[in-house]
Amino acid sequence: MTIHDEYRAKHAKSAALWERSRQSIPGGITHDIRHLAPFPTYVERAAGTRKWDVDGNEYIDYWMGHGALFLGHCHPAVVRAVQEQVARGTHLGACHELEVRWAELVTRLVPCAELVRFTMSGTEATHLAMRVARAFTGRSRIVKFTGHFHGWHDGAVVGVNPPYDVPMSAGVPGATLDQVVICPPNDIKAVQVALERGDVAAVILEPAGGQSGTTPTIPGYLQELRALTTRHGVVLIFDEVITGFRYSPGGAQAYFGVTPDLTTLAKIVSGGLPGGALCGRRPLMSLLAFRGDPDWDRSQRVAHAGTFNANPLCASAAIATLELCADASLQARANKAGEELRRSLSDVMKRVGVPGTCYGEASIFHVSFEGKPGLAGPDRPRRAGLYHLLRCALMNQGVDSSMNHGWISAVHGDEDLERTVQAYERALGAMVAEGAFGGA
Ligand SMILES: Cc1ncc(COP(=O)(O)O)c(C=O)c1O
């Protein structure tokens, strides 16, 4: 049986749902990343490190809510908090104490966070960050790096996947694309040249490297970037949607010891429910506040709305999560699991005779069939078929991980890791047996 034959045999109900979904949902999926050939699985429920699909298959999960579930699925403290809050009201149409407690936790944990404003997603957070930086500096251009992902809004679609001169999406006006200056990662000279133009409001980056560290940031680079942006009066934005509360209780900025001006957060910050945040230095964040001067409030203030911002249901999950994430032993445990898994999976790849390696930092692992990417960025999009096949082969073996990364939670244990390594060995073995790497 081929990998796809086995996948189809194990996922008959998922296949039927996918057929149905395409009648009412474009392409049958609700997030581009769920695109999977031959078809995606439909998951019914989850608990801890496991999830179960509609065909009854069990998986050790490394998607973990796209990295949002650092405490695993349905952590009892989060479930309790949400259950209690849902009965008290999901939207109070008013300020409430939970948003204050949530903001206090963020400002306590994240080094740059003097003030925080909640959004409903990471995309909204990076959109707002760019707006605040532009308002603060009076300049319009944003420097971003090739391979770095900051959500799907118009200002962030440039230079995400190779070929980098083609935006990630159609439908974005050229005038908007022109506002973004793209630089290669880890090349401080390129940023210096860009900042010397004098029209740059901000530099935004994923501090640990583009796409969850797929292209890792080299040591010392963040310090150089901090010094350079300070010298030019340019706002430094760390997009910590992935790394926030994961690399350490204070995110990548505490882990690497470099404090940006603004930080964007999502995923873990709202405890596995929808949400995000922009936080940062008081002079920048204060641009969002009313001052009581009608002219300033109307024309110079940064406007920000959002029906569900800081709604009490998300706030309750967030507080329960962040109170636990404040204990650095959780990140230490997950980071150690990350180290072990990366080492074991690299060994498996060698043993099975598969090209590439497994690498990463903290509690994230990347499986790459081309090795660590260089400045040209990952080759993954061109080889999508191979990564889709890996995902199917892994699901046949009871593990679900994104095409090339996995997010380890604080509750993945030794048994999970052992079974994962065995599953990778069988999955990669099946790929080799099928001749999947023939032309690699
Ligand atoms: C670094 C980074 N920034 C921004 C986003 C967008 O966040 P959201 O999906 O909540 O809009 C993501 C999503 O994965 C991300 O990884």
# chains A, B, ... in the order shown; residues from 1 in each chain; ligands from 1
>>> closest_atom_pairs(of="chain A", to="ligand 1", cutoff="10 Å", atoms="only C-alpha atoms and all ligand atoms", output="CSV")
residue,atom,partner,partner_atom_place_in_ligand_line,distance
A:His31,CA,ligand 1,9 (O),9.0
A:Ile33,CA,ligand 1,14 (O),9.5
A:Gly65,CA,ligand 1,14 (O),9.9
A:His66,CA,ligand 1,14 (O),6.6
A:Gly67,CA,ligand 1,14 (O),7.9
A:Ala68,CA,ligand 1,10 (O),9.1
A:Thr119,CA,ligand 1,10 (O),9.4
A:Met120,CA,ligand 1,10 (O),7.4
A:Ser121,CA,ligand 1,10 (O),3.8
A:Gly122,CA,ligand 1,7 (O),3.3
A:Thr123,CA,ligand 1,11 (O),3.6
A:Glu124,CA,ligand 1,11 (O),6.5
A:Ala125,CA,ligand 1,4 (C),7.8
A:Thr126,CA,ligand 1,4 (C),6.7
A:His127,CA,ligand 1,4 (C),9.5
A:His148,CA,ligand 1,1 (C),7.2
A:Phe149,CA,ligand 1,1 (C),5.2
A:His150,CA,ligand 1,3 (N),3.7
A:Gly151,CA,ligand 1,6 (C),3.7
A:Trp152,CA,ligand 1,6 (C),6.9
A:His153,CA,ligand 1,11 (O),8.7
A:Ala156,CA,ligand 1,4 (C),9.1
A:Leu205,CA,ligand 1,1 (C),8.0
A:Glu206,CA,ligand 1,1 (C),5.7
A:Pro207,CA,ligand 1,1 (C),9.0
A:Ala208,CA,ligand 1,1 (C),9.6
A:Gly209,CA,ligand 1,1 (C),9.1
A:Gly210,CA,ligand 1,1 (C),7.5
A:Gln211,CA,ligand 1,16 (O),6.2
A:Ser212,CA,ligand 1,16 (O),6.3
A:Gly213,CA,ligand 1,1 (C),9.3
A:Phe238,CA,ligand 1,1 (C),9.0
A:Asp239,CA,ligand 1,1 (C),5.5
A:Glu240,CA,ligand 1,1 (C),6.1
A:Val241,CA,ligand 1,2 (C),4.8
A:Ile242,CA,ligand 1,16 (O),5.3
A:Thr243,CA,ligand 1,1 (C),7.9
A:Gly244,CA,ligand 1,1 (C),9.7
A:Thr264,CA,ligand 1,3 (N),7.6
A:Leu265,CA,ligand 1,3 (N),7.8
A:Ala266,CA,ligand 1,10 (O),5.5
A:Lys267,CA,ligand 1,10 (O),6.3
A:Pro274,CA,ligand 1,10 (O),7.4
A:Gly275,CA,ligand 1,10 (O),7.0
A:Gly276,CA,ligand 1,10 (O),6.7
A:Ala277,CA,ligand 1,10 (O),9.8
>>> select_by_dssp(residues="stretch 128-299 of chain A", states="alpha helix (DSSP H)", output="ChimeraX atom specification")
/A:128-137,174-177,188-195,210-213,221-231,251-256,282-285,294-299
>>> atom_distance(atom1="atom CA of A:Gln331", atom2="atom CA of A:Ser368")
24.1 Å
>>> select_by_dssp(residues="stretch 203-408 of chain A", states="strand (DSSP E or B)", output="compact mmCIF listing (two decimals) with N, CA and C atoms, in the first residue's frame")
# COMPACT_ATOMS: atom_id res chain seq x y z
N VAL A 203 11.20 48.81 11.81
CA VAL A 203 11.71 47.51 11.36
C VAL A 203 10.94 46.46 12.13
N ILE A 204 10.33 45.52 11.42
CA ILE A 204 9.58 44.45 12.08
C ILE A 204 10.23 43.11 11.75
N LEU A 205 10.30 42.25 12.74
CA LEU A 205 10.84 40.90 12.48
C LEU A 205 10.36 39.90 13.52
N GLY A 209 13.75 34.39 14.10
CA GLY A 209 13.94 34.01 12.71
C GLY A 209 12.61 33.80 12.01
N THR A 215 14.31 30.17 9.35
CA THR A 215 15.61 30.76 8.99
C THR A 215 16.12 31.47 10.25
N PRO A 216 16.91 30.79 11.08
CA PRO A 216 17.23 31.34 12.41
C PRO A 216 18.01 32.65 12.36
N VAL A 235 11.45 52.70 14.88
CA VAL A 235 10.80 51.84 15.87
C VAL A 235 11.15 50.37 15.58
N LEU A 236 11.60 49.67 16.61
CA LEU A 236 11.92 48.24 16.45
C LEU A 236 10.75 47.42 16.99
N ILE A 237 10.16 46.62 16.08
CA ILE A 237 9.00 45.80 16.45
C ILE A 237 9.40 44.33 16.43
N PHE A 238 9.25 43.68 17.56
CA PHE A 238 9.41 42.22 17.59
C PHE A 238 8.03 41.61 17.43
N ASP A 239 7.89 40.76 16.43
CA ASP A 239 6.65 40.02 16.27
C ASP A 239 6.81 38.71 17.05
N LEU A 262 8.25 47.96 20.40
CA LEU A 262 6.89 47.41 20.36
C LEU A 262 6.97 45.90 20.20
N THR A 263 5.98 45.22 20.72
CA THR A 263 5.91 43.76 20.55
C THR A 263 4.49 43.38 20.16
N THR A 264 4.39 42.50 19.17
CA THR A 264 3.06 41.97 18.83
C THR A 264 2.95 40.55 19.37
N LEU A 265 1.78 40.25 19.91
CA LEU A 265 1.52 38.95 20.54
C LEU A 265 0.21 38.39 20.02
N ALA A 266 0.11 37.08 20.03
CA ALA A 266 -1.17 36.39 19.78
C ALA A 266 -0.95 34.97 20.27
N GLY A 276 -5.10 38.68 20.51
CA GLY A 276 -3.74 39.14 20.27
C GLY A 276 -3.52 40.40 21.08
N ALA A 277 -2.33 40.96 20.93
CA ALA A 277 -2.04 42.18 21.68
C ALA A 277 -0.90 42.94 21.03
N LEU A 278 -0.92 44.24 21.21
CA LEU A 278 0.24 45.08 20.91
C LEU A 278 0.67 45.68 22.23
N CYS A 279 1.96 45.55 22.54
CA CYS A 279 2.44 46.18 23.76
C CYS A 279 3.76 46.87 23.46
N GLY A 280 4.16 47.76 24.37
CA GLY A 280 5.41 48.45 24.12
C GLY A 280 5.63 49.64 25.02
N THR A 357 17.78 17.64 7.65
CA THR A 357 18.03 17.58 9.09
C THR A 357 16.82 18.07 9.87
N CYS A 358 16.89 17.89 11.20
CA CYS A 358 15.88 18.49 12.08
C CYS A 358 16.61 19.51 12.94
N TYR A 359 16.10 20.73 13.02
CA TYR A 359 16.78 21.76 13.79
C TYR A 359 15.73 22.67 14.42
N ILE A 364 10.46 24.44 19.56
CA ILE A 364 10.00 24.33 18.17
C ILE A 364 10.99 23.46 17.40
N PHE A 365 10.47 22.58 16.56
CA PHE A 365 11.39 21.82 15.69
C PHE A 365 10.97 21.98 14.24
N HIS A 366 11.99 21.97 13.39
CA HIS A 366 11.75 22.06 11.94
C HIS A 366 12.39 20.85 11.29
N VAL A 367 11.62 20.16 10.48
CA VAL A 367 12.18 19.07 9.68
C VAL A 367 12.38 19.63 8.28
N SER A 368 13.62 19.60 7.83
CA SER A 368 13.91 20.18 6.51
C SER A 368 14.64 19.16 5.65
N VAL A 399 0.88 10.69 14.30
CA VAL A 399 1.47 11.98 14.73
C VAL A 399 0.97 13.05 13.78
N ASP A 400 0.56 14.20 14.33
CA ASP A 400 0.19 15.31 13.45
C ASP A 400 1.08 16.50 13.73
N HIS A 405 7.12 22.11 10.63
CA HIS A 405 7.47 22.40 12.02
C HIS A 405 6.57 21.65 13.00
N GLY A 406 7.02 21.67 14.23
CA GLY A 406 6.18 21.18 15.31
C GLY A 406 6.35 22.10 16.51
N TRP A 407 5.26 22.30 17.22
CA TRP A 407 5.30 23.11 18.43
C TRP A 407 5.10 22.18 19.62
>>> closest_atom_pairs(of="stretch 110-207 of chain A", to="stretch 226-232 of chain A", cutoff="9 Å", atoms="only C-alpha atoms", output="Markdown table")
| residue | atom | partner | partner_atom | distance |
| --- | --- | --- | --- | --- |
| A:Ile188 | CA | A:Leu228 | CA | 8.5 |
| A:Val191 | CA | A:Leu228 | CA | 8.4 |
| A:Gln192 | CA | A:Leu228 | CA | 7.1 |
| A:Leu195 | CA | A:His232 | CA | 6.9 |
| A:Glu196 | CA | A:His232 | CA | 8.0 |
| A:Gly198 | CA | A:His232 | CA | 8.1 |
| A:Ala202 | CA | A:Thr229 | CA | 8.1 |
| A:Val203 | CA | A:Thr229 | CA | 7.6 |
>>> write_last_selection(atoms="C-alpha atoms", output="PDB file, in the first residue's frame")
ATOM      1  CA  ILE A 188      22.783  44.314   9.106  1.00  0.00           C
ATOM      2  CA  VAL A 191      19.130  47.341   6.976  1.00  0.00           C
ATOM      3  CA  GLN A 192      21.596  50.178   7.416  1.00  0.00           C
ATOM      4  CA  LEU A 195      17.399  53.184   7.156  1.00  0.00           C
ATOM      5  CA  GLU A 196      19.660  55.744   5.509  1.00  0.00           C
ATOM      6  CA  GLY A 198      15.245  58.495   6.049  1.00  0.00           C
ATOM      7  CA  ALA A 202       9.830  50.736  11.729  1.00  0.00           C
ATOM      8  CA  VAL A 203      11.715  47.509  11.357  1.00  0.00           C
TER       9      VAL A 203
END
>>> residues_around(residues="A:Asn335", least_positions_apart="3", cutoff="6 Å", atoms="only C-alpha atoms", output="PyMOL selection string")
chain A and resi 331-332+338+362-363
>>> residues_around(residues="stretch 429-438 of chain A", least_positions_apart="4", cutoff="9 Å", atoms="only C-alpha atoms", output="ChimeraX atom specification")
/A:2-3,352-355,386,389-390,393,424-425
>>> write_last_selection(atoms="N, CA and C atoms", output="compact mmCIF listing (two decimals), in the first residue's frame")
# COMPACT_ATOMS: atom_id res chain seq x y z
N THR A 2 0.55 2.23 -0.83
CA THR A 2 1.32 3.48 -0.80
C THR A 2 0.88 4.31 0.41
N ILE A 3 1.64 5.36 0.68
CA ILE A 3 1.29 6.26 1.80
C ILE A 3 -0.11 6.83 1.56
N VAL A 352 17.61 6.58 8.48
CA VAL A 352 16.70 6.13 7.43
C VAL A 352 17.25 6.49 6.04
N GLY A 353 18.21 7.39 6.02
CA GLY A 353 18.82 7.76 4.74
C GLY A 353 18.04 8.85 4.01
N VAL A 354 17.49 9.78 4.82
CA VAL A 354 16.71 10.87 4.24
C VAL A 354 17.59 12.12 4.19
N PRO A 355 17.55 12.90 3.10
CA PRO A 355 18.37 14.11 3.08
C PRO A 355 17.84 15.16 4.05
N LEU A 386 6.54 17.03 -1.32
CA LEU A 386 7.29 16.15 -0.42
C LEU A 386 6.83 16.36 1.04
N LEU A 389 3.45 14.88 1.61
CA LEU A 389 3.55 13.42 1.74
C LEU A 389 4.05 13.05 3.14
N LEU A 390 5.00 13.83 3.65
CA LEU A 390 5.49 13.57 5.02
C LEU A 390 4.34 13.69 6.02
N ALA A 393 2.14 10.68 5.73
CA ALA A 393 2.84 9.49 6.24
C ALA A 393 2.87 9.51 7.76
N TYR A 424 8.10 8.93 13.24
CA TYR A 424 8.90 9.56 12.18
C TYR A 424 9.74 8.50 11.45
N GLU A 425 10.30 7.57 12.23
CA GLU A 425 11.15 6.54 11.61
C GLU A 425 10.32 5.74 10.59
>>> closest_residue(among="A:Ala328, A:Leu273, A:Leu345, A:Val234", to="A:Ser140", atoms="only C-alpha atoms")
A:Val234
>>> atom_distance(atom1="atom CA of A:Ser316", atom2="atom CA of A:Ala113")
20.1 Å
